[in-house]
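Enquirer: Below is a structure I'd like to ask you about.
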Amino acid sequence: MELLNHLALGLQTAATFANLFYCLIGVFLGTAIGVLPGLGPTATIAMLLPVTFVLPPVTALIMLAGIYYGSQYGGSTTSILVNLPGEAASVVTTLDGYQMAKQGRAGPALAASAIGSFFAGTVATFLIAAFGPPLAAAALKFGPAEFFSLMILGLVASVVLAQGSLLHAIGMVVLGLLLGLIGTDVNSGTQRFTFGIFELADGIGFVTVAMGMFGLGEIIRNLQNEEERSVMITNITGLWPTKEDFKRMVAPILRGTAIGSVLGILPGSGSILGSFAAYSIEKKVSKNRAQFGKGAIEGVAAPEAANNAGAQTSFIPLLTLGIPSNPVSALMVGAMIVHGIQPGPSVITEQPELFWGMIVSMWIGNLFLVILNYPLIGMWVRMIMIPYQFLYPGILVFCAIGVFSLKNTEFDIYFMALFGALGYLFSKLGCEPAPMLLAFILGPLMEEYLRRAMLLSRGNPWVFVQRPISATLLVLSVLAMLSVLLPAFSKTREEAFKE
Amino acid sequence: MTRNARDFWTGLLYIFFGSSAILIARDYGMGTAIKMGPAYFPTILGGLLLVIGVMSVIRSFIVAGIPIGAFGFKGLALVTISVVAFGFVVRGLGLVIALPLLIIVSAYGSTRFRWRPTLLMAAGLTIFCVLVFLKGLGIPLPIIGPWLGG
């Protein structure tokens with residue numbers, strides 16, 4: 001019954017006119033930007049973050065969550081219609097989704113994605129509501145050593161899931177941690193790595209880094225290989241799936257939701273792992289496995305459900321432990337800090353209306369997605385068709401003005417350009433920016449927890465393995481790292497990224 | 001010669017960032033493990049990055065890898081320059097100059113660049129941004145900057 005009371009409190013918060021309105025705006029803007037080719041959820045959220053800073057905290061986070069779901073759905077739409085996944089998690093959707101679109105069945109593919117996502121979102125919302133409070137209660141017992149080890153686990157997981165060389169991904173994490181330390185040291189007041197530049201006293205903004213590496217870097221990369229995009233929009237007339245389609249969708253959606261929900265909770269994974277796992281499992285168990293890769297609706301429904309379930313349940317570690325598990329939740333952590341909320345286990349008890357309001361609004365956001373998409377699909381298609389040469393100068397304009405508006409200083413524009421160039425350079429060298437962004441946001445937190453842990457242990461570094469929870473987390477990190485070195489796993493890892 | 005250009009150059013970058021971090025952090029107080037000074041954590045990280053960089057460079061001579069591939073200098077230069085130039089002139093000349101500058105210079109990076117549609121887009125986007133960001137959201141940027149007597 002307590003669960004229902006909590007959800008009622010959340011509904012009260014989420015269902016005010018302003019919050020519903022901004023949730024709707026968030027979903028709309030998120031989808032609109034998310035369908036633009038070459039803009040994944042991370043870049044979309046980074047671009048739209050400055051808009052939410054003027055809102056009160058609860059409303060801002062509700063809108064951000066809406067932007068997140070919108071951008072994910074937008075990414076699925078481009079995967080299906082133009083074979084361009086906005087992010088790694090929707091790569092598998094292109095396999096069968098684009099084939100369906102080619103056969104003139106874009107409508108049912110989009111519907112499968114929307115229905116799968118909505119169902120998964122509903123289940124995941126209840127999961128967060130059920131598991132959030134006990135997890136947060138457990139986390140209240142965490143000391144600095146546990147938090148430090150938890151962050152290690154999160155960073156290791158992001159490294160394991162990154163594409164390319166393991167060594168380079170670890171390097172990106174360390175570099176990100178270092179860049180995160182730029183600015184005034186909270187303990188001593190020392191200005192670190194500021195080179196006497198006054199604007200760096202507060203450090204480099206995470207939005208600046210994210211916009212640079214994910215927005216600008218991606219544009220520079222796309223400019224190098226401009227290619228024709230063929231949009232499969234010849235006929236989206238039959239939008240509604242047939243009875244047969246519905247029947248074939250049910251089981252994959254259920255399985256996808258279960259897989260995605262479980263894998264989404266793991267730190268570092270977010271929704272990527274879930275969508276890959278759901279697709280490959282579906283490929284094994286489905287009656288229509290021969291059709292996979294040639295336009296099987298199961299191949300769209302399962303990963304899309306898993307994708308969305310994972311996107312939602314990845315909020316569990318974020319809201320209860322304050323540990324972001326992927327670049328998107330890292331941006332959410334940054335946004336919460338900007339609004340003066342320290343994400344962590346105390347949020348549930350100290351700001352229940354924020355916690356429960358956000359959870360209920362997640363479900364409302366998913367509902368809006370389904371409702372919005374039917375009347376607006378024509379508009380999304382038109383947005384997808386904007387030629388890239390007209391698109392990217394516009395993106396640059398929004399990034400430049402947006403990043404300026406954060407602190408009203410041109411310096412952020414210069415740093416964004418710098419990180420854009422750096423992002424391109426690293427992508428050329430085969431180093432993924434996602435682990436770096438995660439580390440960048442965790443850097444100052446990690447240092448703080450390390451300091452406290454060492455102070456409490458009187459300088460004994462063994463404290464991290466002497467405390468059982470901390471030791472368990474570190475053992476998990478080592479296992480995750482070792483698993484990459486196993487030949488069997490590294491083979492599937494390579495295959496997963498190739499697909 | 002190196003057999004893996006990616007490993008080699010990434011390693012060099014990591015060595016550069018790692019050793020810079022250590023060298024710069026020498027000016028800050030190291031402290032002790034119990035009471036860490038501002039240099040403690042950065043020095044650990046810098047050392048770690050340095051080691052990773054060295055490992056990467058060494059590996060580049062042993063294990064062969066895929067080449068880096070062509071470098072998109074044109075896109076890199078035009079995007080970076082257009083954004084930096086926007087930052088330089090936006091307060092002085094105002095959005096009326098800064099926005100079209102950003103749009104036209106960056107658009108020139110596309111192989112499908114054509115003057116007419118680009119100019120039209122620049123005009124349209126500038127009007128849109130002035131209305132939305134300046135009039136609507138109240139971002140403190142001039143339409144016509146003081147260098148132009150605005």
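Each chain in the structure tokens gets a letter, A, B and so on, in the order shown; residues start at 1 in every chain, and ligands are counted from 1 in the order they appear.
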Please provide the set of residues having any atom within 9 Å of segment 183-198 of chain A, restricted to only C-alpha atoms, with same-chain residues fewer than 4 positions apart removed, written as a PyMOL selection string.
Expert: (chain A and resi 179+202-204+444+448) or (chain B and resi 21+24-25+28-29+37-39)
Enquirer: Just to be explicit: take each residue in the selection above, keep N, CA and C atoms, and write the result as a PDB file, in the first residue's frame.
Expert:
```
ATOM      1  N   LEU A 179      40.374  15.937 -16.187  1.00  0.00           N
ATOM      2  CA  LEU A 179      39.727  17.156 -16.690  1.00  0.00           C
ATOM      3  C   LEU A 179      38.658  17.631 -15.712  1.00  0.00           C
ATOM      4  N   ASP A 202      35.671  27.850 -11.821  1.00  0.00           N
ATOM      5  CA  ASP A 202      34.569  26.942 -11.499  1.00  0.00           C
ATOM      6  C   ASP A 202      34.673  25.626 -12.267  1.00  0.00           C
ATOM      7  N   GLY A 203      35.749  25.445 -13.003  1.00  0.00           N
ATOM      8  CA  GLY A 203      35.881  24.246 -13.810  1.00  0.00           C
ATOM      9  C   GLY A 203      35.197  24.412 -15.155  1.00  0.00           C
ATOM     10  N   ILE A 204      35.374  23.416 -16.008  1.00  0.00           N
ATOM     11  CA  ILE A 204      34.711  23.423 -17.314  1.00  0.00           C
ATOM     12  C   ILE A 204      33.330  22.815 -17.124  1.00  0.00           C
ATOM     13  N   PRO A 444      35.412  15.023  -9.552  1.00  0.00           N
ATOM     14  CA  PRO A 444      35.449  15.709  -8.257  1.00  0.00           C
ATOM     15  C   PRO A 444      34.811  14.882  -7.137  1.00  0.00           C
ATOM     16  N   GLU A 448      36.667  13.479  -3.669  1.00  0.00           N
ATOM     17  CA  GLU A 448      36.115  13.791  -2.358  1.00  0.00           C
ATOM     18  C   GLU A 448      35.929  12.509  -1.527  1.00  0.00           C
TER      19      GLU A 448
ATOM     20  N   ALA B  21      49.965  16.874 -16.296  1.00  0.00           N
ATOM     21  CA  ALA B  21      49.224  16.895 -15.041  1.00  0.00           C
ATOM     22  C   ALA B  21      50.187  16.780 -13.862  1.00  0.00           C
ATOM     23  N   ILE B  24      52.384  20.090 -13.605  1.00  0.00           N
ATOM     24  CA  ILE B  24      51.644  21.255 -13.118  1.00  0.00           C
ATOM     25  C   ILE B  24      51.276  21.059 -11.652  1.00  0.00           C
ATOM     26  N   ALA B  25      50.899  19.817 -11.284  1.00  0.00           N
ATOM     27  CA  ALA B  25      50.458  19.569  -9.917  1.00  0.00           C
ATOM     28  C   ALA B  25      51.593  19.730  -8.914  1.00  0.00           C
ATOM     29  N   TYR B  28      51.215  22.471  -6.457  1.00  0.00           N
ATOM     30  CA  TYR B  28      50.191  22.427  -5.416  1.00  0.00           C
ATOM     31  C   TYR B  28      50.686  21.547  -4.275  1.00  0.00           C
ATOM     32  N   GLY B  29      50.043  21.680  -3.123  1.00  0.00           N
ATOM     33  CA  GLY B  29      50.470  20.908  -1.961  1.00  0.00           C
ATOM     34  C   GLY B  29      50.128  19.433  -2.118  1.00  0.00           C
ATOM     35  N   GLY B  37      46.442  16.596  -0.102  1.00  0.00           N
ATOM     36  CA  GLY B  37      46.504  17.957  -0.611  1.00  0.00           C
ATOM     37  C   GLY B  37      45.933  18.007  -2.016  1.00  0.00           C
ATOM     38  N   PRO B  38      45.850  19.214  -2.598  1.00  0.00           N
ATOM     39  CA  PRO B  38      45.276  19.360  -3.944  1.00  0.00           C
ATOM     40  C   PRO B  38      46.078  18.643  -5.025  1.00  0.00           C
ATOM     41  N   ALA B  39      47.326  18.283  -4.742  1.00  0.00           N
ATOM     42  CA  ALA B  39      48.130  17.640  -5.785  1.00  0.00           C
ATOM     43  C   ALA B  39      48.001  16.124  -5.764  1.00  0.00           C
TER      44      ALA B  39
END
```
Enquirer: Quick one: everything within 8 Å of Gly430 of chain A, counting only C-alpha atoms, minus sequence neighbours fewer than 5 positions away in the same chain. Send it as a PyMOL selection string.
Expert: (chain A and resi 163-165) or (chain B and resi 6)
Enquirer: Can I get the selection written as a PDB file, in the first residue's frame, with C-alpha atoms?
Expert:
```pdb
ATOM      1  CA  GLN A 163      34.103   0.191 -28.427  1.00  0.00           C
ATOM      2  CA  GLY A 164      37.722  -0.359 -29.354  1.00  0.00           C
ATOM      3  CA  SER A 165      40.855  -0.902 -27.313  1.00  0.00           C
TER       4      SER A 165
ATOM      5  CA  ARG B   6      46.260   4.520 -33.402  1.00  0.00           C
TER       6      ARG B   6
END
```
Enquirer: Name the closest residue to Leu141 of chain B among the candidates B:Gly92, B:Gly53, B:Gly75, B:Pro100; distances are taken between atoms, counting only C-alpha atoms.
Expert: B:Gly92
Enquirer: Please report as CSV every residue of chain A lying within 6 Å of chain B, along with the nearest atom pair and their distance in Å (one decimal), using only C-alpha atoms.
Expert:
```
residue,atom,partner,partner_atom,distance
A:Gly171,CA,B:Leu49,CA,5.9
A:Ile220,CA,B:Gly75,CA,5.3
A:Leu223,CA,B:Gly75,CA,5.8
A:Gln224,CA,B:Gly72,CA,5.2
A:Gln389,CA,B:Ser110,CA,6.0
A:Pro393,CA,B:Ile103,CA,5.1
A:Glu410,CA,B:Gly87,CA,5.3
A:Ile413,CA,B:Gly87,CA,5.9
A:Tyr414,CA,B:Val84,CA,5.5
A:Ala417,CA,B:Thr80,CA,5.3
A:Leu429,CA,B:Arg6,CA,5.0
A:Met454,CA,B:Ile34,CA,5.4
A:Leu455,CA,B:Ile34,CA,4.7
A:Arg458,CA,B:Ile34,CA,5.4
A:Gly459,CA,B:Ile34,CA,4.2
```
Enquirer: Give me the residues near segment 367-378 of chain A as a PyMOL selection string, where near means some atom within 10 Å (using only C-alpha atoms) and where sequence neighbours in that chain fewer than 2 positions away do not count.
Expert: chain A and resi 20+23-25+27-28+31-32+66+69-70+73-74+77+107+110-111+113-115+117-119+121-122+233+236+239-240+361-365+380-384
Enquirer: List as a PDB file with N, CA and C atoms, in the first residue's frame the protein and nucleic acid residues near Leu153 of chain A, meaning an atom at most 6 Å away when only C-alpha atoms are counted, but skip any in the same chain fewer than 3 places from it.
Expert:
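See selection34.pdb below for the written result:
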```pdb
ATOM      1  N   LEU A 150      32.008   1.991  -5.659  1.00  0.00           N
ATOM      2  CA  LEU A 150      30.863   1.961  -6.567  1.00  0.00           C
ATOM      3  C   LEU A 150      31.171   2.743  -7.838  1.00  0.00           C
ATOM      4  N   VAL A 156      34.459   1.195 -14.619  1.00  0.00           N
ATOM      5  CA  VAL A 156      34.940  -0.036 -15.250  1.00  0.00           C
ATOM      6  C   VAL A 156      33.900  -0.562 -16.231  1.00  0.00           C
ATOM      7  N   SER A 477      34.283  -5.253 -10.148  1.00  0.00           N
ATOM      8  CA  SER A 477      34.994  -4.453 -11.145  1.00  0.00           C
ATOM      9  C   SER A 477      36.097  -5.270 -11.793  1.00  0.00           C
TER      10      SER A 477
END
```
Enquirer: So how many Å separate atom CA of Ala124 of chain A and atom CA of Val328 of chain A, to one decimal?
Expert: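 Value for the atom CA of Ala124 of chain A-atom CA of Val328 of chain A distance: 17.3 Å.
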Enquirer: Rounded to one decimal in Å, what is the spacing between atom CA of Pro252 of chain A and atom CA of Glu298 of chain A?
Expert: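 Pair atom CA of Pro252 of chain A / atom CA of Glu298 of chain A returns 5.8 Å.
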Enquirer: Using the chain letters and numbers from this document, which residues of chain B does DSSP assign to helix (DSSP H, G or I), as a short mmCIF file (atom, residue, chain, number, x, y, z; two decimals) with N, CA and C atoms, in the first residue's frame?
Expert:
```
data_model
loop_
_atom_site.label_atom_id
_atom_site.label_comp_id
_atom_site.auth_asym_id
_atom_site.auth_seq_id
_atom_site.Cartn_x
_atom_site.Cartn_y
_atom_site.Cartn_z
N ALA B 5 49.33 2.87 -35.77
CA ALA B 5 49.35 4.32 -35.63
C ALA B 5 48.38 4.79 -34.55
N ARG B 6 47.23 4.11 -34.41
CA ARG B 6 46.26 4.52 -33.40
C ARG B 6 46.85 4.40 -32.00
N ASP B 7 47.45 3.24 -31.73
CA ASP B 7 48.07 3.02 -30.42
C ASP B 7 49.17 4.04 -30.18
N PHE B 8 49.95 4.28 -31.23
CA PHE B 8 51.10 5.17 -31.08
C PHE B 8 50.67 6.58 -30.71
N TRP B 9 49.77 7.15 -31.51
CA TRP B 9 49.39 8.56 -31.29
C TRP B 9 48.54 8.72 -30.03
N THR B 10 47.63 7.76 -29.78
CA THR B 10 46.86 7.84 -28.54
C THR B 10 47.81 7.80 -27.35
N GLY B 11 48.81 6.90 -27.43
CA GLY B 11 49.78 6.78 -26.35
C GLY B 11 50.52 8.09 -26.13
N LEU B 12 50.94 8.72 -27.23
CA LEU B 12 51.66 9.99 -27.10
C LEU B 12 50.76 11.05 -26.44
N LEU B 13 49.48 11.10 -26.86
CA LEU B 13 48.55 12.07 -26.27
C LEU B 13 48.43 11.82 -24.76
N TYR B 14 48.25 10.54 -24.39
CA TYR B 14 48.11 10.22 -22.96
C TYR B 14 49.38 10.59 -22.20
N ILE B 15 50.55 10.32 -22.81
CA ILE B 15 51.81 10.68 -22.15
C ILE B 15 51.87 12.19 -21.95
N PHE B 16 51.46 12.93 -22.99
CA PHE B 16 51.48 14.39 -22.88
C PHE B 16 50.57 14.87 -21.75
N PHE B 17 49.31 14.40 -21.75
CA PHE B 17 48.37 14.86 -20.72
C PHE B 17 48.80 14.39 -19.33
N GLY B 18 49.26 13.14 -19.25
CA GLY B 18 49.66 12.60 -17.96
C GLY B 18 50.83 13.35 -17.36
N SER B 19 51.89 13.55 -18.18
CA SER B 19 53.06 14.21 -17.61
C SER B 19 52.77 15.69 -17.34
N SER B 20 51.95 16.34 -18.19
CA SER B 20 51.59 17.74 -17.89
C SER B 20 50.89 17.81 -16.54
N ALA B 21 49.97 16.87 -16.30
CA ALA B 21 49.22 16.89 -15.04
C ALA B 21 50.19 16.78 -13.86
N ILE B 22 51.15 15.87 -13.96
CA ILE B 22 52.10 15.68 -12.85
C ILE B 22 52.94 16.93 -12.66
N LEU B 23 53.45 17.47 -13.79
CA LEU B 23 54.33 18.64 -13.68
C LEU B 23 53.59 19.84 -13.10
N ILE B 24 52.38 20.09 -13.61
CA ILE B 24 51.64 21.25 -13.12
C ILE B 24 51.28 21.06 -11.65
N ALA B 25 50.90 19.82 -11.28
CA ALA B 25 50.46 19.57 -9.92
C ALA B 25 51.59 19.73 -8.91
N TYR B 40 47.47 15.57 -4.68
CA TYR B 40 47.53 14.12 -4.46
C TYR B 40 46.82 13.33 -5.57
N PHE B 41 45.51 13.56 -5.69
CA PHE B 41 44.72 12.80 -6.68
C PHE B 41 45.19 13.06 -8.11
N PRO B 42 45.40 14.34 -8.51
CA PRO B 42 45.88 14.58 -9.88
C PRO B 42 47.20 13.89 -10.17
N THR B 43 48.08 13.81 -9.17
CA THR B 43 49.37 13.16 -9.41
C THR B 43 49.18 11.66 -9.64
N ILE B 44 48.31 11.05 -8.84
CA ILE B 44 48.01 9.62 -9.05
C ILE B 44 47.46 9.42 -10.46
N LEU B 45 46.46 10.23 -10.82
CA LEU B 45 45.83 10.08 -12.14
C LEU B 45 46.83 10.33 -13.26
N GLY B 46 47.64 11.39 -13.10
CA GLY B 46 48.63 11.71 -14.11
C GLY B 46 49.59 10.55 -14.31
N GLY B 47 50.03 9.97 -13.19
CA GLY B 47 50.94 8.83 -13.26
C GLY B 47 50.30 7.66 -13.99
N LEU B 48 49.04 7.41 -13.65
CA LEU B 48 48.29 6.31 -14.28
C LEU B 48 48.19 6.53 -15.79
N LEU B 49 47.86 7.76 -16.17
CA LEU B 49 47.70 8.08 -17.59
C LEU B 49 49.04 7.94 -18.32
N LEU B 50 50.10 8.37 -17.65
CA LEU B 50 51.44 8.26 -18.21
C LEU B 50 51.77 6.78 -18.48
N VAL B 51 51.49 5.93 -17.50
CA VAL B 51 51.77 4.50 -17.64
C VAL B 51 50.96 3.91 -18.80
N ILE B 52 49.66 4.27 -18.86
CA ILE B 52 48.81 3.77 -19.94
C ILE B 52 49.35 4.22 -21.29
N GLY B 53 49.78 5.50 -21.36
CA GLY B 53 50.34 6.03 -22.60
C GLY B 53 51.57 5.28 -23.03
N VAL B 54 52.48 5.03 -22.07
CA VAL B 54 53.71 4.31 -22.39
C VAL B 54 53.39 2.89 -22.88
N MET B 55 52.43 2.23 -22.17
CA MET B 55 52.03 0.89 -22.58
C MET B 55 51.50 0.89 -24.01
N SER B 56 50.70 1.93 -24.31
CA SER B 56 50.10 2.01 -25.64
C SER B 56 51.17 2.19 -26.71
N VAL B 57 52.15 3.05 -26.42
CA VAL B 57 53.22 3.28 -27.40
C VAL B 57 54.03 2.00 -27.60
N ILE B 58 54.37 1.33 -26.48
CA ILE B 58 55.13 0.09 -26.60
C ILE B 58 54.35 -0.94 -27.42
N ARG B 59 53.03 -1.04 -27.10
CA ARG B 59 52.20 -2.01 -27.82
C ARG B 59 52.18 -1.72 -29.31
N SER B 60 52.27 -0.42 -29.65
CA SER B 60 52.16 -0.04 -31.07
C SER B 60 53.32 -0.60 -31.89
N PHE B 61 54.43 -0.92 -31.21
CA PHE B 61 55.57 -1.47 -31.95
C PHE B 61 55.50 -3.00 -32.05
N ILE B 62 54.60 -3.58 -31.24
CA ILE B 62 54.55 -5.04 -31.18
C ILE B 62 53.35 -5.59 -31.96
N PHE B 73 40.49 17.34 -42.48
CA PHE B 73 40.99 18.65 -42.05
C PHE B 73 40.01 19.76 -42.35
N LYS B 74 39.35 19.68 -43.52
CA LYS B 74 38.48 20.78 -43.94
C LYS B 74 37.34 20.96 -42.93
N GLY B 75 36.65 19.86 -42.63
CA GLY B 75 35.54 19.95 -41.69
C GLY B 75 36.01 20.37 -40.31
N LEU B 76 37.11 19.77 -39.87
CA LEU B 76 37.65 20.09 -38.54
C LEU B 76 37.97 21.57 -38.45
N ALA B 77 38.68 22.08 -39.46
CA ALA B 77 39.10 23.48 -39.42
C ALA B 77 37.90 24.41 -39.49
N LEU B 78 36.98 24.16 -40.45
CA LEU B 78 35.88 25.10 -40.65
C LEU B 78 34.93 25.11 -39.46
N VAL B 79 34.63 23.94 -38.90
CA VAL B 79 33.72 23.91 -37.74
C VAL B 79 34.37 24.61 -36.55
N THR B 80 35.63 24.28 -36.27
CA THR B 80 36.30 24.90 -35.13
C THR B 80 36.42 26.40 -35.32
N ILE B 81 36.91 26.81 -36.51
CA ILE B 81 37.13 28.24 -36.75
C ILE B 81 35.81 29.00 -36.68
N SER B 82 34.75 28.47 -37.30
CA SER B 82 33.49 29.21 -37.33
C SER B 82 32.95 29.41 -35.91
N VAL B 83 33.09 28.38 -35.04
CA VAL B 83 32.57 28.51 -33.68
C VAL B 83 33.41 29.49 -32.87
N VAL B 84 34.73 29.38 -33.00
CA VAL B 84 35.60 30.30 -32.27
C VAL B 84 35.37 31.74 -32.74
N ALA B 85 35.26 31.92 -34.07
CA ALA B 85 35.03 33.26 -34.61
C ALA B 85 33.72 33.83 -34.08
N PHE B 86 32.71 32.98 -33.98
CA PHE B 86 31.43 33.43 -33.42
C PHE B 86 31.65 33.98 -32.02
N GLY B 87 32.41 33.24 -31.21
CA GLY B 87 32.68 33.69 -29.85
C GLY B 87 33.42 35.02 -29.81
N PHE B 88 34.35 35.20 -30.76
CA PHE B 88 35.15 36.42 -30.77
C PHE B 88 34.33 37.66 -31.08
N VAL B 89 33.41 37.54 -32.04
CA VAL B 89 32.75 38.76 -32.52
C VAL B 89 31.35 38.97 -31.97
N VAL B 90 30.80 37.96 -31.24
CA VAL B 90 29.38 38.06 -30.93
C VAL B 90 29.05 39.25 -30.04
N ARG B 91 29.92 39.58 -29.10
CA ARG B 91 29.63 40.73 -28.24
C ARG B 91 29.89 42.04 -28.96
N GLY B 92 30.96 42.06 -29.76
CA GLY B 92 31.36 43.31 -30.41
C GLY B 92 30.50 43.65 -31.60
N LEU B 93 30.24 42.68 -32.47
CA LEU B 93 29.52 42.97 -33.70
C LEU B 93 28.03 42.64 -33.60
N LEU B 95 24.68 39.73 -33.02
CA LEU B 95 24.23 38.50 -33.67
C LEU B 95 24.05 38.66 -35.17
N VAL B 96 23.70 39.88 -35.61
CA VAL B 96 23.44 40.11 -37.03
C VAL B 96 24.64 39.75 -37.89
N ILE B 97 25.84 39.95 -37.35
CA ILE B 97 27.06 39.57 -38.08
C ILE B 97 27.53 38.18 -37.65
N ALA B 98 27.54 37.94 -36.33
CA ALA B 98 28.15 36.72 -35.80
C ALA B 98 27.44 35.46 -36.30
N LEU B 99 26.10 35.48 -36.32
CA LEU B 99 25.37 34.28 -36.73
C LEU B 99 25.60 33.92 -38.20
N PRO B 100 25.40 34.89 -39.13
CA PRO B 100 25.67 34.54 -40.53
C PRO B 100 27.11 34.09 -40.74
N LEU B 101 28.05 34.69 -40.00
CA LEU B 101 29.45 34.28 -40.10
C LEU B 101 29.59 32.81 -39.74
N LEU B 102 29.02 32.43 -38.57
CA LEU B 102 29.09 31.05 -38.12
C LEU B 102 28.44 30.11 -39.13
N ILE B 103 27.27 30.50 -39.62
CA ILE B 103 26.52 29.62 -40.52
C ILE B 103 27.24 29.44 -41.85
N ILE B 104 27.68 30.57 -42.45
CA ILE B 104 28.27 30.48 -43.79
C ILE B 104 29.61 29.76 -43.75
N VAL B 105 30.46 30.12 -42.76
CA VAL B 105 31.79 29.49 -42.69
C VAL B 105 31.65 27.99 -42.45
N SER B 106 30.74 27.60 -41.53
CA SER B 106 30.62 26.17 -41.25
C SER B 106 29.97 25.44 -42.42
N ALA B 107 28.96 26.07 -43.05
CA ALA B 107 28.28 25.42 -44.16
C ALA B 107 29.23 25.16 -45.32
N TRP B 115 25.79 28.83 -52.52
CA TRP B 115 25.65 30.14 -51.89
C TRP B 115 24.21 30.51 -51.61
N ARG B 116 23.34 30.37 -52.62
CA ARG B 116 21.98 30.89 -52.49
C ARG B 116 21.23 30.31 -51.29
N PRO B 117 21.09 28.96 -51.20
CA PRO B 117 20.35 28.42 -50.06
C PRO B 117 21.03 28.73 -48.72
N THR B 118 22.37 28.79 -48.74
CA THR B 118 23.07 29.06 -47.49
C THR B 118 22.76 30.47 -46.99
N LEU B 119 22.76 31.44 -47.92
CA LEU B 119 22.46 32.82 -47.53
C LEU B 119 21.04 32.93 -47.00
N LEU B 120 20.12 32.25 -47.70
CA LEU B 120 18.72 32.27 -47.25
C LEU B 120 18.61 31.69 -45.85
N MET B 121 19.31 30.55 -45.64
CA MET B 121 19.24 29.90 -44.33
C MET B 121 19.84 30.81 -43.27
N ALA B 122 20.97 31.47 -43.60
CA ALA B 122 21.61 32.36 -42.63
C ALA B 122 20.64 33.46 -42.22
N ALA B 123 19.94 34.04 -43.21
CA ALA B 123 19.01 35.12 -42.90
C ALA B 123 17.87 34.59 -42.01
N GLY B 124 17.31 33.45 -42.41
CA GLY B 124 16.19 32.91 -41.66
C GLY B 124 16.55 32.54 -40.24
N LEU B 125 17.68 31.85 -40.08
CA LEU B 125 18.10 31.41 -38.74
C LEU B 125 18.43 32.60 -37.85
N THR B 126 19.03 33.64 -38.45
CA THR B 126 19.37 34.82 -37.65
C THR B 126 18.11 35.46 -37.10
N ILE B 127 17.11 35.64 -37.96
CA ILE B 127 15.86 36.24 -37.50
C ILE B 127 15.23 35.36 -36.41
N PHE B 128 15.22 34.06 -36.65
CA PHE B 128 14.64 33.11 -35.69
C PHE B 128 15.35 33.22 -34.33
N CYS B 129 16.69 33.24 -34.36
CA CYS B 129 17.44 33.27 -33.10
C CYS B 129 17.24 34.58 -32.35
N VAL B 130 17.20 35.68 -33.10
CA VAL B 130 16.98 36.97 -32.44
C VAL B 130 15.63 36.94 -31.74
N LEU B 131 14.61 36.43 -32.43
CA LEU B 131 13.28 36.40 -31.83
C LEU B 131 13.23 35.45 -30.62
N VAL B 132 13.75 34.23 -30.78
CA VAL B 132 13.61 33.23 -29.73
C VAL B 132 14.57 33.50 -28.56
N PHE B 133 15.85 33.66 -28.85
CA PHE B 133 16.83 33.73 -27.77
C PHE B 133 16.90 35.11 -27.13
N LEU B 134 16.84 36.17 -27.96
CA LEU B 134 16.97 37.50 -27.39
C LEU B 134 15.64 38.01 -26.86
N LYS B 135 14.65 38.03 -27.73
CA LYS B 135 13.34 38.55 -27.31
C LYS B 135 12.65 37.56 -26.38
N GLY B 136 12.70 36.29 -26.72
CA GLY B 136 11.97 35.29 -25.95
C GLY B 136 12.65 34.93 -24.65
N PRO B 146 28.43 46.96 -30.24
CA PRO B 146 29.03 48.29 -30.06
C PRO B 146 30.10 48.62 -31.11
N TRP B 147 30.77 47.60 -31.67
CA TRP B 147 31.77 47.90 -32.70
C TRP B 147 31.13 48.51 -33.93
N LEU B 148 29.84 48.26 -34.08
CA LEU B 148 29.12 48.83 -35.22
C LEU B 148 28.30 50.03 -34.79
#
```
Enquirer: Just the residues within 12 Å of Gly38 of chain A, please, counting only C-alpha atoms, with nothing from its chain fewer than 3 positions along; format it as a ChimeraX atom specification.
Expert: /A:33-35,41-44,71,74-75,78-79,82-88,214-223,226,229,384,387-388,391-392,395
Enquirer: Rounded to one decimal, what separation in Å do you get between atom CA of Gly180 of chain A and atom CA of Val54 of chain A?
Expert: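 Computing it gives 24.5 Å between the two atoms.
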Enquirer: Contacts of Leu318 of chain A at 9 Å or less, counting only C-alpha atoms, minus same-chain residues fewer than 3 places along, as a PDB file with C-alpha atoms, in the first residue's frame?
Expert:
```
ATOM      1  CA  SER A 314      19.200   2.981 -15.309  1.00  0.00           C
ATOM      2  CA  PHE A 315      17.549   5.729 -13.247  1.00  0.00           C
ATOM      3  CA  LEU A 321      22.928   5.973  -5.222  1.00  0.00           C
ATOM      4  CA  GLY A 322      23.634   9.151  -7.134  1.00  0.00           C
ATOM      5  CA  ILE A 323      25.886   7.205  -9.486  1.00  0.00           C
ATOM      6  CA  PRO A 324      25.302   7.839 -13.175  1.00  0.00           C
ATOM      7  CA  SER A 325      25.601   4.702 -15.269  1.00  0.00           C
ATOM      8  CA  SER A 329      22.407   9.913 -16.603  1.00  0.00           C
ATOM      9  CA  ALA A 330      25.741  11.642 -16.093  1.00  0.00           C
ATOM     10  CA  MET A 332      21.159  14.286 -15.360  1.00  0.00           C
ATOM     11  CA  VAL A 333      23.505  14.255 -12.364  1.00  0.00           C
ATOM     12  CA  PRO A 343      21.907  13.115  -6.093  1.00  0.00           C
ATOM     13  CA  GLY A 344      22.122  10.224  -3.682  1.00  0.00           C
TER      14      GLY A 344
END
```
